[in-house]
Amino acid sequence: MTDLSLYRNIGIFAHVDAGKTTTTERILKLTGKIHKLGEVHDGESTMDFMEQEAERGITIQSAATTCQWKGHRFNVIDTPGHVDFTIEVYRSLKVLDGGIGVFCGSGGVEPQSETNWRYANDSKVSRLIYVNKLDRIGADYYRVIKQVEEVLGAKPLPMTLPIGTEDTFVGVVDVLTRKAWVWDDSGDPMNYTIEDVPADMVELVEEWREKMIETAVEQDDDLMEAYLNGEEPSIEDLKLCIRKGTIKMDFFPTYAGSSFKNKGVQLVLDGVVDYLPNPTEVNPQPETDEEGKETGTFAIVDADRPLRALVFKIMDDRFGALNFIRIYSGRLKKGDTILNTFTGKTERVGRMVEMHANDRNEIESAQAGDIVALIGLKNVQTGHTLADPDHPATLEPMVFPDPVISIAIAPKNKGASEKMGVALGKMVQEDPSFRVETDEDSGETIIKGMGELHLDIKVDILRRTHGVEVEVGKPQVAYRETITQAVDDSYTHKKQSGGSGQYGRIDYTIEPNEPGAGFAFESVVTGGNVPREYWPAVQKGFDASMAKGVLAGYPCLDVKVTLRDGAYHAVDSSALAFEIAAKGAYRQTIPKAGPQLLEPIMKIDVFTPADHVGDVIGDLNRRRAMIKSQEPGATGVRVKSEAPLSEMFGYIGDLRTMTSGRGQFSMEFSHYAPCPRNVAETVIKEANERRKAAEAAK
């Protein structure tokens with residue numbers, strides 16, 4: 001029986017290029033998991049094992065590994081920073097107990113850091129903050145601390161302070177013990193000495209130490225009283241208070257360092273042991289019923305309780321599908337039969353492995369608190385719960401955002417369409433934010449995702465991993481439709497063709513719903529003119545019709561239907577008759593209700609050197625962007641805006657040209673907004689032409 005207090009399930013997350021993967025490499029080196037460091041910029045890091053990751057120097061999928069530090073077992077997940085892959089961050093945070101938020105010493109709190117921080121808040125994950133790259137030009141530890149307070153609304157608690165800045169950065173002072181850790185220039189993380197605080201930093205260290213103690217003792221009334229009476233708490237007591245506050249997310253212990261130069265990482269690892277929770281100290285996962293509503297029971301982390309495990313990631317490799325699971329309670333052994341509560345089917349555990357990036361160790365058993373991968377499960381998808389067949393329960397499922405961009409693809413070699421279908425099936429299983437559909441009118445295969453880079457990588461994976469060369473159409477925007485006026489109307493469905501016929505009449509109001517509220521239905525029929533058992537059929541008919549709008553065939557959003565009255569026939573009426581009546585009513589009334597095309601609006605966050613701000617803003621204005629703010633920083637200006645997705649295709653190339661390759665941007669979906677008339681007319685015209693071409697082809 002393993003002692004769960006020695007477990008730490010942690011994730012490392014940050015903005016693109018803040019140094020997450022480099023930090024993970026350092027952790028693996030220090031914990032003895034690897035002996036040679038691989039660098040991201042050389043395309044040789046352990047955790048970025050996909051070819052596409054090595055080439056682009058970014059992390060695309062979260063990688064898991066297990067290592068040991070001071071007798072504690074760390075399950076570490078290195079997550080992507082790019083906004084198109086936030087789904088990987090979200091599902092990793094869902095199964096972790098703690099995290100390390102990495103911030104760049106010069107870049108500070110960047111757009112993606114905000115999104116990831118928000119996800120971590122939603123998932124209630126306790127975190128440490130690690131300010132990395134303090135050896136870089138423009139690095140400023142104290143500015144980043146201020147940004148964390150102002151931009152993220154979080155409370156950092158500095159545990160180490162940097163000695164020197166930029167190229168004079170040599171080490172850190174541990175505020176708690178008042179000791180300086182100084183590294184030499186050899187680049188070996190083990191070549192350090194522990195010294196007294198440099199004379200010019202003594203006052204600064206005392207000032208921050210006092211702030212730290214004041215914040216920490218707020219967690220314990222007795223210690224606070226003693227401190228106010230002039231009695232300083234012991235280091236052990238302070239650590240207990242900091243641990244308590246970190247787990248409650250009252251504050252976030254903050255560390256300084258440079259992973260690339262191997263300075264400061266040991267103290268971060270000590271912080272993980274000292275302050276981040278073990279699996280038993282985290283609020284247990286709520287269990288839900290078939291509808292997804294919470295039942296009031298919880299998967300308490302205990303190896304002696306019935307099995308509860310969540311599948312949080314599926315990865316296809318040469319040995320078959322790897323199902324990554326986090327075990328919340330119970331034990332799991334090779335050969336066990338487990339129940340997938342989503343499908344209601346049982347599965348047998350064939351092989352179980354402990355992961356280290358894309359290497360694996362075969363293991364015989366695992367228990368509550370472990371993150372392992374199972375090989376050979378049949379009908380399992382991300383978000384499914386695996387449970388003890390005698391004690392079934394479902395864990396709170398994951399919710400994934402809808403894609404905002406799509407492209408049509410076709411195999412270059414006509415004989416490869418079956419191979420492409422199989423490959424796409426595997427990719428959809430791996431990534432829930434990636435969807436594949438067949439266009440009913442044209443018969444084209446459409447792939448949908450979270451952004452241009454997301455789909456670009458998918459096409460690349462099809463080509464390299466699955467050996468399918470494809471032709472790619474131009475990106476299509478996921479437009480939507482809605483209505484702008486309320487209409488009272490009536491519709492009768494009547495059909496007589498020998499024997500019993502079909503009859504159903506409905507009087508109804510169709511009106512716009514609140515933005516973002518979706519489809520709503522209510523019935524105010526009194527007196528039994530439309531019997532109660534037919535109401536769900538009317539709702540079903542309208543709901544099914546919403547999938548296709550009347551302007552350009554895009555899904556219709558935010559509509560409310562109220563069934564006011566109607567009539568039925570004792571013999572000829574049926575649920576089917578009323579469902580058909582509702583579908584006819586939709587086609588009849590929506591064109592009268594002021595239909596309108598909606599376009600996806602994206603949150604755009606651009607970083608540009610100060611001398612190119614005018615060009616960048618001028619270009620954004622040409623793209624119909626609404627500029628929200630400009631924030632000057634040490635190395636440039638951040639311009640925040642909102643712009644239609646349709647205007648942002650190919651933006652990265654234009655931005656690099658304008659800023660001599662120094663500009664960066666990130667983009668995520670914000671909301672749907674009405675299309676300007678000229679844009680709407682073009683979109684509707686194109687949609688109608690596509691439909692005509694497809695009909696002609698048939």
# chains A, B, ... in the order shown; residues from 1 in each chain; ligands from 1

call {"tool": "residues_around", "arguments": {"residues": "Val268 (chain A)", "least_positions_apart": "2", "cutoff": "10 Å", "atoms": "only C-alpha atoms", "output": "number ranges by chain"}}
result
A: 27, 100, 128-130, 159-160, 253-257, 264-266, 270-274

call {"tool": "select_by_dssp", "arguments": {"residues": "region 431-639 of chain A", "states": "alpha helix (DSSP H)", "output": "VMD selection string"}}
result
chain A and resid 452 to 464 535 to 545 575 to 589 613 to 622

call {"tool": "select_by_dssp", "arguments": {"residues": "region 93-144 of chain A", "states": "strand (DSSP E or B)", "output": "PDB file with all heavy atoms, in the first residue's frame"}}
result
ATOM      1  N   GLY A  98      -2.511  19.779  -8.317  1.00  0.00           N
ATOM      2  CA  GLY A  98      -1.755  21.023  -8.174  1.00  0.00           C
ATOM      3  C   GLY A  98      -1.105  21.386  -9.484  1.00  0.00           C
ATOM      4  O   GLY A  98      -1.055  20.576 -10.414  1.00  0.00           O
ATOM      5  N   GLY A  99      -0.597  22.606  -9.577  1.00  0.00           N
ATOM      6  CA  GLY A  99       0.033  23.020 -10.829  1.00  0.00           C
ATOM      7  C   GLY A  99       1.165  23.998 -10.589  1.00  0.00           C
ATOM      8  O   GLY A  99       1.293  24.564  -9.503  1.00  0.00           O
ATOM      9  N   ILE A 100       1.983  24.164 -11.625  1.00  0.00           N
ATOM     10  CA  ILE A 100       3.004  25.210 -11.609  1.00  0.00           C
ATOM     11  C   ILE A 100       2.699  26.117 -12.793  1.00  0.00           C
ATOM     12  O   ILE A 100       2.720  25.683 -13.945  1.00  0.00           O
ATOM     13  CB  ILE A 100       4.434  24.619 -11.761  1.00  0.00           C
ATOM     14  CG1 ILE A 100       4.727  23.617 -10.645  1.00  0.00           C
ATOM     15  CG2 ILE A 100       5.472  25.735 -11.772  1.00  0.00           C
ATOM     16  CD1 ILE A 100       6.048  22.855 -10.825  1.00  0.00           C
ATOM     17  N   GLY A 101       2.366  27.366 -12.499  1.00  0.00           N
ATOM     18  CA  GLY A 101       2.134  28.348 -13.565  1.00  0.00           C
ATOM     19  C   GLY A 101       3.462  29.007 -13.882  1.00  0.00           C
ATOM     20  O   GLY A 101       4.053  29.647 -13.021  1.00  0.00           O
ATOM     21  N   VAL A 102       3.939  28.828 -15.114  1.00  0.00           N
ATOM     22  CA  VAL A 102       5.242  29.392 -15.494  1.00  0.00           C
ATOM     23  C   VAL A 102       5.003  30.706 -16.236  1.00  0.00           C
ATOM     24  O   VAL A 102       4.199  30.764 -17.166  1.00  0.00           O
ATOM     25  CB  VAL A 102       6.025  28.409 -16.402  1.00  0.00           C
ATOM     26  CG1 VAL A 102       7.383  28.983 -16.774  1.00  0.00           C
ATOM     27  CG2 VAL A 102       6.199  27.067 -15.714  1.00  0.00           C
ATOM     28  N   PHE A 103       5.702  31.756 -15.809  1.00  0.00           N
ATOM     29  CA  PHE A 103       5.607  33.053 -16.476  1.00  0.00           C
ATOM     30  C   PHE A 103       6.988  33.468 -16.941  1.00  0.00           C
ATOM     31  O   PHE A 103       7.973  33.222 -16.250  1.00  0.00           O
ATOM     32  CB  PHE A 103       5.047  34.114 -15.525  1.00  0.00           C
ATOM     33  CG  PHE A 103       3.641  33.831 -15.089  1.00  0.00           C
ATOM     34  CD1 PHE A 103       3.380  33.129 -13.922  1.00  0.00           C
ATOM     35  CD2 PHE A 103       2.572  34.235 -15.862  1.00  0.00           C
ATOM     36  CE1 PHE A 103       2.087  32.828 -13.533  1.00  0.00           C
ATOM     37  CE2 PHE A 103       1.270  33.945 -15.483  1.00  0.00           C
ATOM     38  CZ  PHE A 103       1.026  33.250 -14.316  1.00  0.00           C
ATOM     39  N   CYS A 104       7.046  34.126 -18.105  1.00  0.00           N
ATOM     40  CA  CYS A 104       8.330  34.592 -18.633  1.00  0.00           C
ATOM     41  C   CYS A 104       8.722  35.864 -17.897  1.00  0.00           C
ATOM     42  O   CYS A 104       7.898  36.778 -17.746  1.00  0.00           O
ATOM     43  CB  CYS A 104       8.191  34.863 -20.131  1.00  0.00           C
ATOM     44  SG  CYS A 104       9.624  35.649 -20.839  1.00  0.00           S
ATOM     45  N   GLY A 108       6.106  38.408 -18.953  1.00  0.00           N
ATOM     46  CA  GLY A 108       5.118  38.587 -17.880  1.00  0.00           C
ATOM     47  C   GLY A 108       3.849  37.785 -18.110  1.00  0.00           C
ATOM     48  O   GLY A 108       3.877  36.693 -18.661  1.00  0.00           O
ATOM     49  N   SER A 126      -4.751  24.125  -6.923  1.00  0.00           N
ATOM     50  CA  SER A 126      -3.770  24.940  -6.200  1.00  0.00           C
ATOM     51  C   SER A 126      -2.510  25.057  -7.048  1.00  0.00           C
ATOM     52  O   SER A 126      -2.145  24.111  -7.743  1.00  0.00           O
ATOM     53  CB  SER A 126      -3.398  24.265  -4.878  1.00  0.00           C
ATOM     54  OG  SER A 126      -4.566  23.950  -4.165  1.00  0.00           O
ATOM     55  N   ARG A 127      -1.840  26.210  -6.968  1.00  0.00           N
ATOM     56  CA  ARG A 127      -0.682  26.423  -7.845  1.00  0.00           C
ATOM     57  C   ARG A 127       0.491  27.076  -7.135  1.00  0.00           C
ATOM     58  O   ARG A 127       0.311  27.814  -6.171  1.00  0.00           O
ATOM     59  CB  ARG A 127      -1.071  27.368  -8.991  1.00  0.00           C
ATOM     60  CG  ARG A 127      -1.765  26.738 -10.137  1.00  0.00           C
ATOM     61  CD  ARG A 127      -2.776  27.698 -10.757  1.00  0.00           C
ATOM     62  NE  ARG A 127      -3.988  27.739  -9.956  1.00  0.00           N
ATOM     63  CZ  ARG A 127      -4.942  28.623 -10.087  1.00  0.00           C
ATOM     64  NH1 ARG A 127      -4.841  29.558 -10.988  1.00  0.00           N
ATOM     65  NH2 ARG A 127      -6.006  28.585  -9.308  1.00  0.00           N
ATOM     66  N   LEU A 128       1.684  26.803  -7.692  1.00  0.00           N
ATOM     67  CA  LEU A 128       2.862  27.623  -7.416  1.00  0.00           C
ATOM     68  C   LEU A 128       3.064  28.491  -8.646  1.00  0.00           C
ATOM     69  O   LEU A 128       2.657  28.128  -9.748  1.00  0.00           O
ATOM     70  CB  LEU A 128       4.122  26.761  -7.257  1.00  0.00           C
ATOM     71  CG  LEU A 128       4.140  25.632  -6.224  1.00  0.00           C
ATOM     72  CD1 LEU A 128       5.508  24.946  -6.256  1.00  0.00           C
ATOM     73  CD2 LEU A 128       3.865  26.161  -4.834  1.00  0.00           C
ATOM     74  N   ILE A 129       3.719  29.636  -8.468  1.00  0.00           N
ATOM     75  CA  ILE A 129       4.079  30.474  -9.615  1.00  0.00           C
ATOM     76  C   ILE A 129       5.594  30.412  -9.763  1.00  0.00           C
ATOM     77  O   ILE A 129       6.331  30.514  -8.775  1.00  0.00           O
ATOM     78  CB  ILE A 129       3.629  31.933  -9.390  1.00  0.00           C
ATOM     79  CG1 ILE A 129       2.090  32.021  -9.401  1.00  0.00           C
ATOM     80  CG2 ILE A 129       4.226  32.867 -10.439  1.00  0.00           C
ATOM     81  CD1 ILE A 129       1.536  33.357  -8.987  1.00  0.00           C
ATOM     82  N   TYR A 130       6.035  30.208 -10.987  1.00  0.00           N
ATOM     83  CA  TYR A 130       7.472  30.171 -11.251  1.00  0.00           C
ATOM     84  C   TYR A 130       7.778  31.208 -12.324  1.00  0.00           C
ATOM     85  O   TYR A 130       7.310  31.095 -13.461  1.00  0.00           O
ATOM     86  CB  TYR A 130       7.875  28.764 -11.714  1.00  0.00           C
ATOM     87  CG  TYR A 130       9.307  28.642 -12.173  1.00  0.00           C
ATOM     88  CD1 TYR A 130      10.366  29.150 -11.424  1.00  0.00           C
ATOM     89  CD2 TYR A 130       9.606  28.007 -13.376  1.00  0.00           C
ATOM     90  CE1 TYR A 130      11.675  29.038 -11.856  1.00  0.00           C
ATOM     91  CE2 TYR A 130      10.910  27.878 -13.819  1.00  0.00           C
ATOM     92  CZ  TYR A 130      11.942  28.401 -13.052  1.00  0.00           C
ATOM     93  OH  TYR A 130      13.238  28.290 -13.485  1.00  0.00           O
ATOM     94  N   VAL A 131       8.524  32.263 -11.947  1.00  0.00           N
ATOM     95  CA  VAL A 131       8.903  33.305 -12.906  1.00  0.00           C
ATOM     96  C   VAL A 131      10.234  32.884 -13.522  1.00  0.00           C
ATOM     97  O   VAL A 131      11.271  32.918 -12.865  1.00  0.00           O
ATOM     98  CB  VAL A 131       8.993  34.694 -12.236  1.00  0.00           C
ATOM     99  CG1 VAL A 131       9.352  35.750 -13.274  1.00  0.00           C
ATOM    100  CG2 VAL A 131       7.673  35.038 -11.561  1.00  0.00           C
ATOM    101  N   ASN A 132      10.165  32.465 -14.776  1.00  0.00           N
ATOM    102  CA  ASN A 132      11.310  31.862 -15.475  1.00  0.00           C
ATOM    103  C   ASN A 132      12.025  32.916 -16.333  1.00  0.00           C
ATOM    104  O   ASN A 132      11.567  34.045 -16.456  1.00  0.00           O
ATOM    105  CB  ASN A 132      10.753  30.722 -16.349  1.00  0.00           C
ATOM    106  CG  ASN A 132      11.825  29.908 -17.025  1.00  0.00           C
ATOM    107  OD1 ASN A 132      12.969  29.875 -16.581  1.00  0.00           O
ATOM    108  ND2 ASN A 132      11.468  29.258 -18.114  1.00  0.00           N
TER     109      ASN A 132
END

call {"tool": "residues_around", "arguments": {"residues": "region 223-230 of chain A", "least_positions_apart": "4", "cutoff": "8 Å", "atoms": "only C-alpha atoms", "output": "list in words"}}
result
Glu214, Val217 and Glu218 of chain A

call {"tool": "write_last_selection", "arguments": {"atoms": "N, CA, C and O atoms", "output": "PDB file, in the first residue's frame"}}
result
ATOM      1  N   GLU A 214       3.390  37.803   7.543  1.00  0.00           N
ATOM      2  CA  GLU A 214       2.071  38.410   7.813  1.00  0.00           C
ATOM      3  C   GLU A 214       0.969  37.695   7.028  1.00  0.00           C
ATOM      4  O   GLU A 214      -0.122  37.449   7.547  1.00  0.00           O
ATOM      5  N   VAL A 217       0.578  33.822   8.538  1.00  0.00           N
ATOM      6  CA  VAL A 217      -0.032  33.595   9.866  1.00  0.00           C
ATOM      7  C   VAL A 217      -1.532  33.884   9.880  1.00  0.00           C
ATOM      8  O   VAL A 217      -2.221  33.507  10.825  1.00  0.00           O
ATOM      9  N   GLU A 218      -2.042  34.506   8.810  1.00  0.00           N
ATOM     10  CA  GLU A 218      -3.501  34.707   8.725  1.00  0.00           C
ATOM     11  C   GLU A 218      -4.238  33.369   8.688  1.00  0.00           C
ATOM     12  O   GLU A 218      -5.444  33.307   8.926  1.00  0.00           O
TER      13      GLU A 218
END

call {"tool": "residues_around", "arguments": {"residues": "Pro674 (chain A)", "least_positions_apart": "6", "cutoff": "7 Å", "atoms": "only C-alpha atoms", "output": "ChimeraX atom specification"}}
result
/A:596-599

call {"tool": "write_last_selection", "arguments": {"atoms": "N, CA, C and O atoms", "output": "tab-separated table (two decimals), in the first residue's frame"}}
result
chain	number	residue	atom	x	y	z
A	596	GLN	N	-31.32	36.64	-39.30
A	596	GLN	CA	-30.08	37.42	-39.36
A	596	GLN	C	-28.89	36.47	-39.28
A	596	GLN	O	-28.92	35.49	-38.54
A	597	LEU	N	-27.84	36.78	-40.02
A	597	LEU	CA	-26.62	35.96	-39.98
A	597	LEU	C	-25.70	36.46	-38.85
A	597	LEU	O	-25.54	37.67	-38.68
A	598	LEU	N	-25.13	35.52	-38.09
A	598	LEU	CA	-24.19	35.87	-37.01
A	598	LEU	C	-22.81	35.36	-37.38
A	598	LEU	O	-22.67	34.29	-37.97
A	599	GLU	N	-21.78	36.10	-37.00
A	599	GLU	CA	-20.40	35.64	-37.27
A	599	GLU	C	-19.64	35.50	-35.95
A	599	GLU	O	-19.92	36.22	-34.98

call {"tool": "residues_around", "arguments": {"residues": "Ile446 (chain A)", "least_positions_apart": "3", "cutoff": "12 Å", "atoms": "only C-alpha atoms", "output": "number ranges by chain"}}
result
A: 403, 405-410, 421, 424, 434-443, 449, 455, 459, 471-478

call {"tool": "residues_around", "arguments": {"residues": "region 460-462 of chain A", "least_positions_apart": "6", "cutoff": "9 Å", "atoms": "only C-alpha atoms", "output": "number ranges by chain"}}
result
A: 52, 420, 423-424, 427, 468-470

call {"tool": "write_last_selection", "arguments": {"atoms": "all heavy atoms", "output": "mmCIF file, in the first residue's frame"}}
result
data_model
loop_
_atom_site.group_PDB
_atom_site.id
_atom_site.type_symbol
_atom_site.label_atom_id
_atom_site.label_comp_id
_atom_site.auth_asym_id
_atom_site.auth_seq_id
_atom_site.Cartn_x
_atom_site.Cartn_y
_atom_site.Cartn_z
ATOM 1 N N GLN A 52 6.005 17.098 -35.170
ATOM 2 C CA GLN A 52 5.543 18.470 -35.374
ATOM 3 C C GLN A 52 5.984 19.369 -34.215
ATOM 4 O O GLN A 52 6.232 20.551 -34.390
ATOM 5 C CB GLN A 52 4.003 18.515 -35.474
ATOM 6 C CG GLN A 52 3.457 17.848 -36.713
ATOM 7 C CD GLN A 52 3.240 16.352 -36.539
ATOM 8 O OE1 GLN A 52 3.742 15.750 -35.596
ATOM 9 N NE2 GLN A 52 2.523 15.736 -37.448
ATOM 10 N N MET A 420 -8.122 7.330 -44.974
ATOM 11 C CA MET A 420 -8.323 8.652 -44.371
ATOM 12 C C MET A 420 -9.437 8.600 -43.327
ATOM 13 O O MET A 420 -9.315 9.180 -42.244
ATOM 14 C CB MET A 420 -8.669 9.682 -45.453
ATOM 15 C CG MET A 420 -8.842 11.084 -44.922
ATOM 16 S SD MET A 420 -9.193 12.309 -46.210
ATOM 17 C CE MET A 420 -10.988 12.176 -46.303
ATOM 18 N N ALA A 423 -8.108 7.027 -40.157
ATOM 19 C CA ALA A 423 -7.181 7.943 -39.483
ATOM 20 C C ALA A 423 -7.944 9.061 -38.779
ATOM 21 O O ALA A 423 -7.665 9.396 -37.627
ATOM 22 C CB ALA A 423 -6.200 8.529 -40.502
ATOM 23 N N LEU A 424 -8.947 9.637 -39.471
ATOM 24 C CA LEU A 424 -9.730 10.724 -38.864
ATOM 25 C C LEU A 424 -10.493 10.227 -37.640
ATOM 26 O O LEU A 424 -10.617 10.935 -36.641
ATOM 27 C CB LEU A 424 -10.697 11.318 -39.892
ATOM 28 C CG LEU A 424 -10.059 12.170 -41.003
ATOM 29 C CD1 LEU A 424 -11.097 12.544 -42.050
ATOM 30 C CD2 LEU A 424 -9.423 13.428 -40.428
ATOM 31 N N MET A 427 -8.149 10.249 -34.805
ATOM 32 C CA MET A 427 -7.810 11.616 -34.382
ATOM 33 C C MET A 427 -8.949 12.268 -33.606
ATOM 34 O O MET A 427 -8.719 13.023 -32.665
ATOM 35 C CB MET A 427 -7.432 12.449 -35.611
ATOM 36 C CG MET A 427 -6.061 12.067 -36.163
ATOM 37 S SD MET A 427 -5.818 12.565 -37.869
ATOM 38 C CE MET A 427 -5.806 14.331 -37.735
ATOM 39 N N VAL A 468 -1.474 9.708 -45.230
ATOM 40 C CA VAL A 468 -2.552 10.097 -46.150
ATOM 41 C C VAL A 468 -2.290 11.520 -46.636
ATOM 42 O O VAL A 468 -2.349 12.472 -45.864
ATOM 43 C CB VAL A 468 -3.941 10.046 -45.456
ATOM 44 C CG1 VAL A 468 -5.041 10.430 -46.442
ATOM 45 C CG2 VAL A 468 -4.207 8.675 -44.875
ATOM 46 N N GLU A 469 -1.990 11.660 -47.934
ATOM 47 C CA GLU A 469 -1.812 13.003 -48.516
ATOM 48 C C GLU A 469 -3.198 13.559 -48.854
ATOM 49 O O GLU A 469 -3.995 12.875 -49.494
ATOM 50 C CB GLU A 469 -0.970 12.918 -49.798
ATOM 51 C CG GLU A 469 0.475 12.516 -49.573
ATOM 52 C CD GLU A 469 1.321 13.651 -48.995
ATOM 53 O OE1 GLU A 469 0.852 14.808 -48.986
ATOM 54 O OE2 GLU A 469 2.448 13.364 -48.538
ATOM 55 N N VAL A 470 -3.475 14.800 -48.410
ATOM 56 C CA VAL A 470 -4.813 15.356 -48.685
ATOM 57 C C VAL A 470 -4.718 16.724 -49.352
ATOM 58 O O VAL A 470 -3.744 17.458 -49.182
ATOM 59 C CB VAL A 470 -5.665 15.499 -47.390
ATOM 60 C CG1 VAL A 470 -6.038 14.157 -46.827
ATOM 61 C CG2 VAL A 470 -4.980 16.355 -46.353
#

call {"tool": "closest_residue", "arguments": {"among": "A:Glu195, A:Gly504, A:Ser523, A:Asn621", "to": "Glu579 (chain A)", "atoms": "only C-alpha atoms"}}
result
A:Gly504

call {"tool": "closest_residue", "arguments": {"among": "A:Ile300, A:Lys495, A:Lys313, A:Ala544", "to": "Val428 (chain A)", "atoms": "only C-alpha atoms"}}
result
A:Lys313

call {"tool": "residues_around", "arguments": {"residues": "Val679 (chain A)", "least_positions_apart": "2", "cutoff": "12 Å", "atoms": "only C-alpha atoms", "output": "PyMOL selection string"}}
result
chain A and resi 479+596-599+624+644+646-647+674-677+681-686
